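Read through the structure below, which is laid out as structure tokens, and then see the notes.
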Amino acid sequence: MSTLYLNNHGSKWVCTEKNTMKCILIHKAQNYRKIRKIEYFEACGNFATATLKYQGKRISCFADDIDEETMLPIYFVDYKEKK
């Protein structure tokens, strides 16, 4: 998978258009479950958060699980929001 860095420190990166990363976004309270495109990743220690758009806002979240059918990572909306 080829990546492009978004800053000089290498802590933010995005996959190239050929290798667009998708995920499943879930919001349990609103009964929402859809496949979304990840905009970019951001390093957080030994882990990485994915940033994507949800209801017109950018949100960052950690992957919680992997869907067995589609093999896509599952993200929950309940984490911190980015403005």
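Just so we're on the same page: first chain in the structure tokens is A, next is B, and so on; residues restart at 1 for each chain, and ligands are numbered from 1 in the order they show up.
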
task: Write out as number ranges by chain the residues lying within 12 Å of Asn46 (chain A), counting only C-alpha atoms and excluding same-chain residues fewer than 4 positions away.
output: A: 11, 42, 62

query: For Glu39 (chain A), which of A:Leu52, A:Ile24, A:Met71, A:Ile59 is the closest residue, counting only C-alpha atoms?
result: A:Leu52

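The smallest atom-to-atom distance between Phe47 (chain A) and any of A:Leu6, A:Cys61, A:Met21, A:Val14, using only C-alpha atoms, is found for A:Cys61.
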
query: Separation of CA of Asp67 (chain A) and CA of Lys53 (chain A), in Å?
result: 20.0 Å

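Taking CA of Arg58 (chain A) and CA of Leu25 (chain A) as endpoints, the distance between them is 12.8 Å.
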
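Computed from the coordinates, the CA of Lys28 (chain A) to CA of Ala50 (chain A) distance equals 18.7 Å.
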
field: Counting only C-alpha atoms, the residue of A:Cys15, A:Val77, A:Ala43, A:Leu72 that sits nearest Gln30 (chain A)
entry: A:Val77

message: Using only C-alpha atoms for the distances, tell me which of A:Ile26, A:Tyr40, A:Thr51, A:Thr20 is nearest to Asp65 (chain A).
response: A:Ile26

Near-Phe41 (chain A) list (6 Å; only C-alpha atoms; drop same-chain fewer than 3 positions) as a ChimeraX atom specification: /A:12-13,49-50

task: Can you check which residues of region 45-79 of chain A DSSP gives as strand (DSSP E or B) on the backbone and send them as a ChimeraX atom specification?
output: /A:47-54,57-61,63-66,73-76

Take the residues from that selection and write them out as a PDB file, in the first residue's frame, keeping C-alpha atoms.
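Okay, this is what ended up in out.pdb:
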ATOM      1  CA  PHE A  47      -1.500   3.195  17.409  1.00  0.00           C
ATOM      2  CA  ALA A  48      -3.170   5.209  14.654  1.00  0.00           C
ATOM      3  CA  THR A  49      -6.526   6.949  14.484  1.00  0.00           C
ATOM      4  CA  ALA A  50      -8.549   7.182  11.305  1.00  0.00           C
ATOM      5  CA  THR A  51     -10.115  10.512  10.384  1.00  0.00           C
ATOM      6  CA  LEU A  52     -13.303  10.500   8.339  1.00  0.00           C
ATOM      7  CA  LYS A  53     -16.406  12.607   7.789  1.00  0.00           C
ATOM      8  CA  TYR A  54     -19.660  11.929   9.609  1.00  0.00           C
ATOM      9  CA  LYS A  57     -17.818  16.911  10.745  1.00  0.00           C
ATOM     10  CA  ARG A  58     -14.407  15.262  10.808  1.00  0.00           C
ATOM     11  CA  ILE A  59     -14.096  12.646  13.517  1.00  0.00           C
ATOM     12  CA  SER A  60     -11.082  10.619  14.645  1.00  0.00           C
ATOM     13  CA  CYS A  61     -11.465   7.147  16.070  1.00  0.00           C
ATOM     14  CA  ALA A  63     -10.468   0.699  15.114  1.00  0.00           C
ATOM     15  CA  ASP A  64     -12.431  -1.523  17.468  1.00  0.00           C
ATOM     16  CA  ASP A  65     -12.876  -4.709  15.481  1.00  0.00           C
ATOM     17  CA  ILE A  66     -12.829  -6.232  11.993  1.00  0.00           C
ATOM     18  CA  PRO A  73     -12.168  -2.343  10.165  1.00  0.00           C
ATOM     19  CA  ILE A  74     -15.087  -1.246  12.343  1.00  0.00           C
ATOM     20  CA  TYR A  75     -15.122   2.241  13.901  1.00  0.00           C
ATOM     21  CA  PHE A  76     -17.596   3.609  16.461  1.00  0.00           C
TER      22      PHE A  76
END
